[in-house]
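Below is data07.cif, which holds mmCIF, N, CA and C atoms.
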```cif
data_data
loop_
_atom_site.label_atom_id
_atom_site.label_comp_id
_atom_site.auth_asym_id
_atom_site.auth_seq_id
_atom_site.Cartn_x
_atom_site.Cartn_y
_atom_site.Cartn_z
N MET F 1161 49.01 17.13 -32.55
CA MET F 1161 49.86 18.15 -32.00
C MET F 1161 49.98 17.93 -30.49
N PRO F 1162 51.19 17.96 -29.95
CA PRO F 1162 51.37 17.80 -28.51
C PRO F 1162 50.59 18.86 -27.73
N THR F 1163 50.19 18.50 -26.53
CA THR F 1163 49.37 19.35 -25.68
C THR F 1163 50.19 19.83 -24.49
N ASN F 1164 49.97 21.07 -24.07
CA ASN F 1164 50.53 21.56 -22.82
C ASN F 1164 49.40 21.59 -21.81
N ILE F 1165 49.56 20.86 -20.71
CA ILE F 1165 48.54 20.82 -19.67
C ILE F 1165 48.79 21.98 -18.72
N SER F 1166 47.77 22.81 -18.51
CA SER F 1166 47.96 24.04 -17.74
C SER F 1166 47.93 23.82 -16.23
N THR F 1167 47.43 22.70 -15.76
CA THR F 1167 47.39 22.40 -14.33
C THR F 1167 48.67 21.65 -13.95
N TYR F 1168 49.38 22.17 -12.98
CA TYR F 1168 50.64 21.55 -12.56
C TYR F 1168 50.41 20.48 -11.50
N ALA F 1169 51.33 19.52 -11.46
CA ALA F 1169 51.35 18.50 -10.41
C ALA F 1169 52.24 19.01 -9.29
N ASN F 1170 52.02 18.49 -8.09
CA ASN F 1170 52.90 18.79 -6.96
C ASN F 1170 53.82 17.62 -6.71
N GLU F 1171 55.07 17.95 -6.44
CA GLU F 1171 56.09 16.94 -6.16
C GLU F 1171 55.59 15.89 -5.17
N LYS F 1172 55.71 14.63 -5.56
CA LYS F 1172 55.35 13.44 -4.77
C LYS F 1172 53.89 13.40 -4.34
N GLY F 1173 53.03 14.16 -5.02
CA GLY F 1173 51.60 14.14 -4.71
C GLY F 1173 50.88 13.14 -5.58
N THR F 1174 49.65 13.48 -5.95
CA THR F 1174 48.83 12.67 -6.86
C THR F 1174 48.40 13.56 -8.01
N TYR F 1175 48.46 13.03 -9.23
CA TYR F 1175 48.12 13.79 -10.43
C TYR F 1175 47.41 12.84 -11.39
N ILE F 1176 46.24 13.22 -11.84
CA ILE F 1176 45.47 12.36 -12.74
C ILE F 1176 45.43 12.98 -14.13
N ILE F 1177 45.84 12.21 -15.11
CA ILE F 1177 45.81 12.65 -16.51
C ILE F 1177 44.67 11.90 -17.20
N THR F 1178 43.72 12.66 -17.73
CA THR F 1178 42.60 12.06 -18.46
C THR F 1178 42.90 12.12 -19.95
N VAL F 1179 42.81 10.96 -20.61
CA VAL F 1179 43.09 10.85 -22.03
C VAL F 1179 41.82 10.39 -22.74
N ASN F 1180 41.40 11.14 -23.74
CA ASN F 1180 40.24 10.79 -24.57
C ASN F 1180 40.73 10.45 -25.96
N PHE F 1181 40.19 9.39 -26.54
CA PHE F 1181 40.64 8.93 -27.85
C PHE F 1181 39.57 9.18 -28.91
N TYR F 1182 40.00 9.73 -30.05
CA TYR F 1182 39.11 10.04 -31.17
C TYR F 1182 39.74 9.58 -32.47
N ASP F 1183 38.89 9.15 -33.40
CA ASP F 1183 39.40 8.76 -34.71
C ASP F 1183 39.55 9.99 -35.60
N GLU F 1184 39.88 9.75 -36.86
CA GLU F 1184 40.13 10.84 -37.81
C GLU F 1184 38.88 11.67 -38.11
N ASP F 1185 37.69 11.17 -37.76
CA ASP F 1185 36.44 11.91 -37.94
C ASP F 1185 35.97 12.56 -36.64
N ASP F 1186 36.85 12.58 -35.64
CA ASP F 1186 36.56 13.16 -34.33
C ASP F 1186 35.44 12.43 -33.59
N VAL F 1187 35.35 11.12 -33.82
CA VAL F 1187 34.39 10.26 -33.15
C VAL F 1187 35.14 9.47 -32.07
N ALA F 1188 34.57 9.41 -30.86
CA ALA F 1188 35.22 8.66 -29.78
C ALA F 1188 35.48 7.22 -30.22
N VAL F 1189 36.65 6.72 -29.87
CA VAL F 1189 37.05 5.38 -30.27
C VAL F 1189 37.74 4.69 -29.09
N THR F 1190 37.52 3.39 -28.98
CA THR F 1190 38.20 2.60 -27.97
C THR F 1190 39.41 1.94 -28.61
N PRO F 1191 40.60 2.22 -28.10
CA PRO F 1191 41.81 1.62 -28.69
C PRO F 1191 41.84 0.10 -28.52
N ASN F 1192 42.45 -0.57 -29.49
CA ASN F 1192 42.70 -2.01 -29.39
C ASN F 1192 43.83 -2.28 -28.40
N SER F 1193 44.78 -1.38 -28.37
CA SER F 1193 45.92 -1.49 -27.45
C SER F 1193 46.33 -0.09 -27.03
N LEU F 1194 46.95 -0.01 -25.84
CA LEU F 1194 47.33 1.29 -25.31
C LEU F 1194 48.50 1.14 -24.35
N THR F 1195 49.53 1.97 -24.54
CA THR F 1195 50.64 2.07 -23.61
C THR F 1195 50.93 3.54 -23.35
N TRP F 1196 51.58 3.80 -22.22
CA TRP F 1196 51.99 5.17 -21.91
C TRP F 1196 53.37 5.18 -21.28
N THR F 1197 54.04 6.34 -21.41
CA THR F 1197 55.39 6.52 -20.88
C THR F 1197 55.48 7.88 -20.22
N LEU F 1198 56.18 7.95 -19.09
CA LEU F 1198 56.43 9.20 -18.39
C LEU F 1198 57.92 9.49 -18.45
N SER F 1199 58.28 10.70 -18.90
CA SER F 1199 59.70 11.04 -19.03
C SER F 1199 59.92 12.52 -18.71
N ASP F 1200 61.20 12.87 -18.59
CA ASP F 1200 61.53 14.28 -18.50
C ASP F 1200 61.64 14.82 -19.93
N VAL F 1201 61.94 16.10 -20.08
CA VAL F 1201 61.96 16.70 -21.42
C VAL F 1201 63.11 16.18 -22.28
N ASP F 1202 64.09 15.54 -21.67
CA ASP F 1202 65.20 14.96 -22.43
C ASP F 1202 64.96 13.51 -22.83
N GLY F 1203 63.78 12.97 -22.44
CA GLY F 1203 63.44 11.60 -22.80
C GLY F 1203 63.86 10.56 -21.78
N ASN F 1204 64.40 10.99 -20.64
CA ASN F 1204 64.77 10.05 -19.58
C ASN F 1204 63.50 9.56 -18.89
N VAL F 1205 63.32 8.25 -18.84
CA VAL F 1205 62.12 7.66 -18.25
C VAL F 1205 62.12 7.88 -16.74
N ILE F 1206 60.96 8.26 -16.23
CA ILE F 1206 60.78 8.51 -14.80
C ILE F 1206 60.15 7.29 -14.14
N ASN F 1207 60.73 6.83 -13.04
CA ASN F 1207 60.18 5.76 -12.20
C ASN F 1207 59.83 4.49 -12.99
N SER F 1208 60.65 4.16 -13.96
CA SER F 1208 60.46 2.95 -14.78
C SER F 1208 59.10 2.93 -15.48
N ARG F 1209 58.51 4.10 -15.73
CA ARG F 1209 57.19 4.18 -16.36
C ARG F 1209 57.35 4.28 -17.88
N GLU F 1210 57.81 3.20 -18.48
CA GLU F 1210 57.99 3.14 -19.92
C GLU F 1210 57.13 2.03 -20.51
N ASP F 1211 56.35 2.39 -21.53
CA ASP F 1211 55.47 1.42 -22.21
C ASP F 1211 54.58 0.67 -21.23
N VAL F 1212 53.98 1.41 -20.30
CA VAL F 1212 53.05 0.82 -19.33
C VAL F 1212 51.78 0.42 -20.08
N VAL F 1213 51.40 -0.83 -19.98
CA VAL F 1213 50.26 -1.37 -20.72
C VAL F 1213 48.96 -1.12 -19.95
N VAL F 1214 47.97 -0.61 -20.66
CA VAL F 1214 46.61 -0.53 -20.13
C VAL F 1214 45.90 -1.76 -20.69
N ASN F 1215 45.58 -2.70 -19.82
CA ASN F 1215 45.09 -4.01 -20.27
C ASN F 1215 43.76 -3.98 -21.00
N THR F 1216 42.81 -3.20 -20.54
CA THR F 1216 41.50 -3.11 -21.18
C THR F 1216 41.19 -1.65 -21.43
N PRO F 1217 41.74 -1.08 -22.50
CA PRO F 1217 41.55 0.36 -22.73
C PRO F 1217 40.09 0.72 -23.06
N SER F 1218 39.73 1.94 -22.74
CA SER F 1218 38.42 2.48 -23.08
C SER F 1218 38.62 3.81 -23.80
N SER F 1219 37.55 4.40 -24.27
CA SER F 1219 37.67 5.65 -25.04
C SER F 1219 38.13 6.81 -24.17
N THR F 1220 37.96 6.68 -22.86
CA THR F 1220 38.48 7.66 -21.90
C THR F 1220 39.25 6.91 -20.83
N GLU F 1221 40.48 7.29 -20.61
CA GLU F 1221 41.32 6.66 -19.59
C GLU F 1221 41.79 7.72 -18.60
N GLU F 1222 41.79 7.37 -17.33
CA GLU F 1222 42.37 8.23 -16.30
C GLU F 1222 43.61 7.53 -15.77
N ILE F 1223 44.76 8.14 -16.01
CA ILE F 1223 46.04 7.60 -15.57
C ILE F 1223 46.43 8.33 -14.29
N VAL F 1224 46.64 7.58 -13.23
CA VAL F 1224 46.96 8.17 -11.93
C VAL F 1224 48.47 8.09 -11.70
N LEU F 1225 49.09 9.25 -11.52
CA LEU F 1225 50.51 9.33 -11.19
C LEU F 1225 50.62 9.72 -9.72
N THR F 1226 51.48 9.03 -8.97
CA THR F 1226 51.64 9.33 -7.55
C THR F 1226 53.09 9.17 -7.12
N GLY F 1227 53.40 9.69 -5.94
CA GLY F 1227 54.68 9.46 -5.28
C GLY F 1227 55.90 9.60 -6.16
N GLU F 1228 56.59 8.49 -6.38
CA GLU F 1228 57.85 8.50 -7.15
C GLU F 1228 57.64 8.86 -8.62
N ASP F 1229 56.42 8.70 -9.13
CA ASP F 1229 56.14 9.17 -10.50
C ASP F 1229 56.36 10.68 -10.58
N LEU F 1230 56.10 11.35 -9.47
CA LEU F 1230 56.15 12.81 -9.41
C LEU F 1230 57.31 13.31 -8.56
N ALA F 1231 58.35 12.52 -8.46
CA ALA F 1231 59.53 12.90 -7.69
C ALA F 1231 60.44 13.79 -8.54
N ILE F 1232 61.07 14.74 -7.88
CA ILE F 1232 62.09 15.56 -8.52
C ILE F 1232 63.36 14.72 -8.64
N GLN F 1233 63.97 14.74 -9.80
CA GLN F 1233 65.15 13.93 -10.05
C GLN F 1233 66.42 14.70 -9.67
N GLU F 1234 67.48 13.96 -9.42
CA GLU F 1234 68.76 14.57 -9.07
C GLU F 1234 69.16 15.60 -10.13
N GLY F 1235 69.57 16.76 -9.69
CA GLY F 1235 70.00 17.82 -10.59
C GLY F 1235 68.89 18.75 -11.04
N GLU F 1236 67.63 18.41 -10.75
CA GLU F 1236 66.51 19.29 -11.13
C GLU F 1236 66.30 20.31 -10.01
N THR F 1237 66.60 21.57 -10.29
CA THR F 1237 66.54 22.60 -9.27
C THR F 1237 65.54 23.71 -9.58
N ASP F 1238 64.97 23.72 -10.78
CA ASP F 1238 64.01 24.76 -11.13
C ASP F 1238 62.76 24.64 -10.27
N GLU F 1239 62.06 25.78 -10.06
CA GLU F 1239 60.81 25.77 -9.30
C GLU F 1239 59.75 24.91 -9.98
N ILE F 1240 59.71 24.96 -11.31
CA ILE F 1240 58.79 24.15 -12.12
C ILE F 1240 59.64 23.27 -13.02
N VAL F 1241 59.44 21.96 -12.91
CA VAL F 1241 60.14 20.98 -13.74
C VAL F 1241 59.13 20.43 -14.73
N LEU F 1242 59.54 20.25 -15.98
CA LEU F 1242 58.61 19.75 -17.00
C LEU F 1242 58.69 18.23 -17.13
N ARG F 1243 57.53 17.64 -17.37
CA ARG F 1243 57.42 16.20 -17.62
C ARG F 1243 56.66 15.98 -18.92
N LYS F 1244 56.96 14.88 -19.57
CA LYS F 1244 56.28 14.46 -20.81
C LYS F 1244 55.49 13.19 -20.53
N PHE F 1245 54.25 13.18 -20.96
CA PHE F 1245 53.39 12.01 -20.86
C PHE F 1245 53.04 11.61 -22.29
N THR F 1246 53.49 10.43 -22.70
CA THR F 1246 53.34 9.97 -24.08
C THR F 1246 52.41 8.77 -24.12
N VAL F 1247 51.46 8.78 -25.06
CA VAL F 1247 50.58 7.63 -25.26
C VAL F 1247 50.78 7.08 -26.67
N GLU F 1248 50.69 5.77 -26.78
CA GLU F 1248 50.73 5.08 -28.06
C GLU F 1248 49.60 4.07 -28.05
N ALA F 1249 48.81 4.11 -29.11
CA ALA F 1249 47.65 3.22 -29.18
C ALA F 1249 47.45 2.77 -30.62
N ALA F 1250 46.57 1.79 -30.78
CA ALA F 1250 46.13 1.35 -32.11
C ALA F 1250 44.61 1.25 -32.04
N TYR F 1251 43.95 1.67 -33.12
CA TYR F 1251 42.49 1.67 -33.13
C TYR F 1251 41.97 1.28 -34.51
N ASP F 1252 40.71 0.90 -34.57
CA ASP F 1252 40.03 0.57 -35.83
C ASP F 1252 39.04 1.68 -36.16
N SER F 1253 38.91 1.96 -37.46
CA SER F 1253 37.91 2.93 -37.92
C SER F 1253 37.56 2.60 -39.38
N ASP F 1254 36.75 3.44 -39.99
CA ASP F 1254 36.43 3.25 -41.41
C ASP F 1254 37.67 3.36 -42.29
N ALA F 1255 38.72 3.99 -41.76
CA ALA F 1255 39.95 4.18 -42.53
C ALA F 1255 40.87 2.96 -42.50
N GLY F 1256 40.62 2.03 -41.58
CA GLY F 1256 41.47 0.85 -41.52
C GLY F 1256 41.49 0.22 -40.14
N SER F 1257 42.30 -0.82 -40.03
CA SER F 1257 42.42 -1.56 -38.77
C SER F 1257 43.78 -1.34 -38.15
N ASN F 1258 43.81 -1.33 -36.83
CA ASN F 1258 45.04 -1.15 -36.07
C ASN F 1258 45.84 0.07 -36.51
N LEU F 1259 45.14 1.18 -36.70
CA LEU F 1259 45.79 2.43 -37.09
C LEU F 1259 46.55 2.99 -35.89
N PRO F 1260 47.76 3.50 -36.11
CA PRO F 1260 48.54 4.02 -34.99
C PRO F 1260 48.04 5.38 -34.53
N LEU F 1261 48.06 5.56 -33.22
CA LEU F 1261 47.73 6.84 -32.60
C LEU F 1261 48.86 7.13 -31.62
N LYS F 1262 49.49 8.27 -31.77
CA LYS F 1262 50.59 8.66 -30.89
C LYS F 1262 50.41 10.12 -30.52
N ASP F 1263 50.58 10.42 -29.23
CA ASP F 1263 50.47 11.81 -28.79
C ASP F 1263 51.28 11.99 -27.52
N GLU F 1264 51.50 13.26 -27.20
CA GLU F 1264 52.31 13.59 -26.05
C GLU F 1264 51.78 14.86 -25.41
N ALA F 1265 51.82 14.91 -24.09
CA ALA F 1265 51.42 16.10 -23.36
C ALA F 1265 52.55 16.48 -22.41
N THR F 1266 52.74 17.77 -22.22
CA THR F 1266 53.74 18.30 -21.29
C THR F 1266 53.02 18.92 -20.11
N PHE F 1267 53.49 18.61 -18.90
CA PHE F 1267 52.93 19.25 -17.72
C PHE F 1267 54.05 19.67 -16.78
N GLY F 1268 53.74 20.67 -15.98
CA GLY F 1268 54.71 21.16 -15.01
C GLY F 1268 54.58 20.42 -13.69
N LEU F 1269 55.71 20.27 -13.03
CA LEU F 1269 55.78 19.63 -11.72
C LEU F 1269 56.38 20.64 -10.75
N ASN F 1270 55.57 21.05 -9.75
CA ASN F 1270 56.06 22.01 -8.76
C ASN F 1270 57.11 21.36 -7.87
N ASN F 1271 58.29 21.96 -7.87
CA ASN F 1271 59.40 21.50 -7.03
C ASN F 1271 59.20 22.14 -5.66
N LEU F 1272 58.61 21.39 -4.73
CA LEU F 1272 58.26 21.92 -3.42
C LEU F 1272 59.45 21.94 -2.49
N THR F 1273 59.73 23.09 -1.92
CA THR F 1273 60.90 23.28 -1.07
C THR F 1273 60.90 22.36 0.14
N GLY F 1274 59.75 22.15 0.76
CA GLY F 1274 59.70 21.37 2.00
C GLY F 1274 59.50 19.88 1.82
N VAL F 1275 59.50 19.37 0.59
CA VAL F 1275 59.28 17.95 0.34
C VAL F 1275 60.60 17.27 0.05
N SER F 1276 60.81 16.11 0.66
CA SER F 1276 62.05 15.39 0.37
C SER F 1276 61.74 13.94 0.03
#
```
Please, can you express the file's structure as structure tokens?
Amino acid sequence: MPTNISTYANEKGTYIITVNFYDEDDVAVTPNSLTWTLSDVDGNVINSREDVVVNTPSSTEEIVLTGEDLAIQEGETDEIVLRKFTVEAAYDSDAGSNLPLKDEATFGLNNLTGVS
């Protein structure tokens, strides 16, 4: 089930998303492969952050978003703009090999009046 992150990012600041991976038995697992994508709620990719590869994934990953990753896009005028962070991974468990794992989190981005 997609997650809503309650802590908002600030426009053009720094925002760290921590991702923990678990298998179907709720046991921590290290993915064989991992990619992530940053988009707006309509699926438009932000700052070319599509299918970004994590070369050596671990069971816990901290993805750092900064600057243009957190920029307000043309036409976005709301005080809080929503972003989608999507992960896709493959993992091994007792249930099989290279099992797909896909999830998405939504977070708010504060549209700061004094930032350009």
Would you please extract all strand (DSSP E or B) residues from chain F, as assigned by DSSP on the backbone, and give them as number ranges by chain? F: 1163-1170, 1174-1180, 1182, 1188, 1193-1200, 1205, 1212-1213, 1220-1226, 1240-1253, 1256-1270
With distances taken over only C-alpha atoms, which residue among F:Leu1272, F:Val1187, F:Leu1242, F:Val1247 lies nearest Arg1209 (chain F)?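 Closest residue, counting only C-alpha atoms: F:Val1247.
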List every protein, DNA or RNA residue that has at least one atom no more than 8 Å from (38.0, 9.5, -22.4) in the file's coordinates, counting only N, CA and C atoms, and write the result as JSON, numbers by chain. {"F": [1178, 1179, 1180, 1181, 1182, 1188, 1218, 1219, 1220, 1221, 1222]}
Go ahead and save the residues from that selection, with N, CA and C atoms, as a PDB file, in the coordinates of the input.
```
ATOM      1  N   THR F1178      43.720  12.660 -17.730  1.00  0.00           N
ATOM      2  CA  THR F1178      42.600  12.060 -18.460  1.00  0.00           C
ATOM      3  C   THR F1178      42.900  12.120 -19.950  1.00  0.00           C
ATOM      4  N   VAL F1179      42.810  10.960 -20.610  1.00  0.00           N
ATOM      5  CA  VAL F1179      43.090  10.850 -22.030  1.00  0.00           C
ATOM      6  C   VAL F1179      41.820  10.390 -22.740  1.00  0.00           C
ATOM      7  N   ASN F1180      41.400  11.140 -23.740  1.00  0.00           N
ATOM      8  CA  ASN F1180      40.240  10.790 -24.570  1.00  0.00           C
ATOM      9  C   ASN F1180      40.730  10.450 -25.960  1.00  0.00           C
ATOM     10  N   PHE F1181      40.190   9.390 -26.540  1.00  0.00           N
ATOM     11  CA  PHE F1181      40.640   8.930 -27.850  1.00  0.00           C
ATOM     12  C   PHE F1181      39.570   9.180 -28.910  1.00  0.00           C
ATOM     13  N   TYR F1182      40.000   9.730 -30.050  1.00  0.00           N
ATOM     14  CA  TYR F1182      39.110  10.040 -31.170  1.00  0.00           C
ATOM     15  C   TYR F1182      39.740   9.580 -32.470  1.00  0.00           C
ATOM     16  N   ALA F1188      34.570   9.410 -30.860  1.00  0.00           N
ATOM     17  CA  ALA F1188      35.220   8.660 -29.780  1.00  0.00           C
ATOM     18  C   ALA F1188      35.480   7.220 -30.220  1.00  0.00           C
ATOM     19  N   SER F1218      39.730   1.940 -22.740  1.00  0.00           N
ATOM     20  CA  SER F1218      38.420   2.480 -23.080  1.00  0.00           C
ATOM     21  C   SER F1218      38.620   3.810 -23.800  1.00  0.00           C
ATOM     22  N   SER F1219      37.550   4.400 -24.270  1.00  0.00           N
ATOM     23  CA  SER F1219      37.670   5.650 -25.040  1.00  0.00           C
ATOM     24  C   SER F1219      38.130   6.810 -24.170  1.00  0.00           C
ATOM     25  N   THR F1220      37.960   6.680 -22.860  1.00  0.00           N
ATOM     26  CA  THR F1220      38.480   7.660 -21.900  1.00  0.00           C
ATOM     27  C   THR F1220      39.250   6.910 -20.830  1.00  0.00           C
ATOM     28  N   GLU F1221      40.480   7.290 -20.610  1.00  0.00           N
ATOM     29  CA  GLU F1221      41.320   6.660 -19.590  1.00  0.00           C
ATOM     30  C   GLU F1221      41.790   7.720 -18.600  1.00  0.00           C
ATOM     31  N   GLU F1222      41.790   7.370 -17.330  1.00  0.00           N
ATOM     32  CA  GLU F1222      42.370   8.230 -16.300  1.00  0.00           C
ATOM     33  C   GLU F1222      43.610   7.530 -15.770  1.00  0.00           C
TER      34      GLU F1222
END
```
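Counting only C-alpha atoms, the residue from F:Ile1232, F:Ala1250, F:Val1212, F:Ala1255 that sits nearest to Leu1269 (chain F) is F:Ile1232.
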Interatomic distance, CA of Thr1226 (chain F) to CA of Val1189 (chain F) (Å, one decimal):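 Answer for the CA of Thr1226 (chain F) to CA of Val1189 (chain F) separation: 27.3 Å.
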Run the PyMOL selection byres ((chain F and resi 1230) around 6.5) on the file and write out the hits as a PyMOL selection string. chain F and resi 1170-1173+1225-1229+1231-1232
Determine the nearest neighbour of Ser1193 (chain F) from the options F:Glu1264, F:Glu1234, F:Glu1248, F:Asp1254, counting only C-alpha atoms.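 Looking at the shortest contact to Ser1193 (chain F), the residue is F:Glu1248.
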Looking at F:Thr1266, F:Ser1257, F:Asn1271, F:Asn1204, which one is nearest to Thr1237 (chain F), with distances taken over only C-alpha atoms? F:Asn1271
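Straight-line separation from CA of Glu1236 (chain F) to CA of Ile1176 (chain F): 22.2 Å.
Shortest separation to Thr1273 (chain F) among F:Ser1166, F:Tyr1251, F:Glu1184, F:Glu1239 occurs at residue F:Glu1239, atoms counted being all atoms listed in the file.
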Using atom N of Asp1263 (chain F) and atom N of Val1201 (chain F) as the two end points, give the distance in Å to one decimal. 15.7 Å
Residues selected by the PyMOL selection byres ((chain F and resi 1196) around 7), written as a list in words: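 Checking the PyMOL selection byres ((chain F and resi 1196) around 7) against this file, the residues are Leu1194, Thr1195, Thr1197, Leu1198, Arg1209, Glu1210, Asp1211, Val1212, Val1213, Val1214, Phe1245, Thr1246, Val1247 and Glu1248 of chain F.
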Pick the closest to Ala1265 (chain F) from F:Arg1243, F:Ser1253, F:Tyr1175, F:Thr1190: which is it, counting only C-alpha atoms?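 Nearest candidate to Ala1265 (chain F) out of F:Arg1243, F:Ser1253, F:Tyr1175, F:Thr1190: F:Arg1243.
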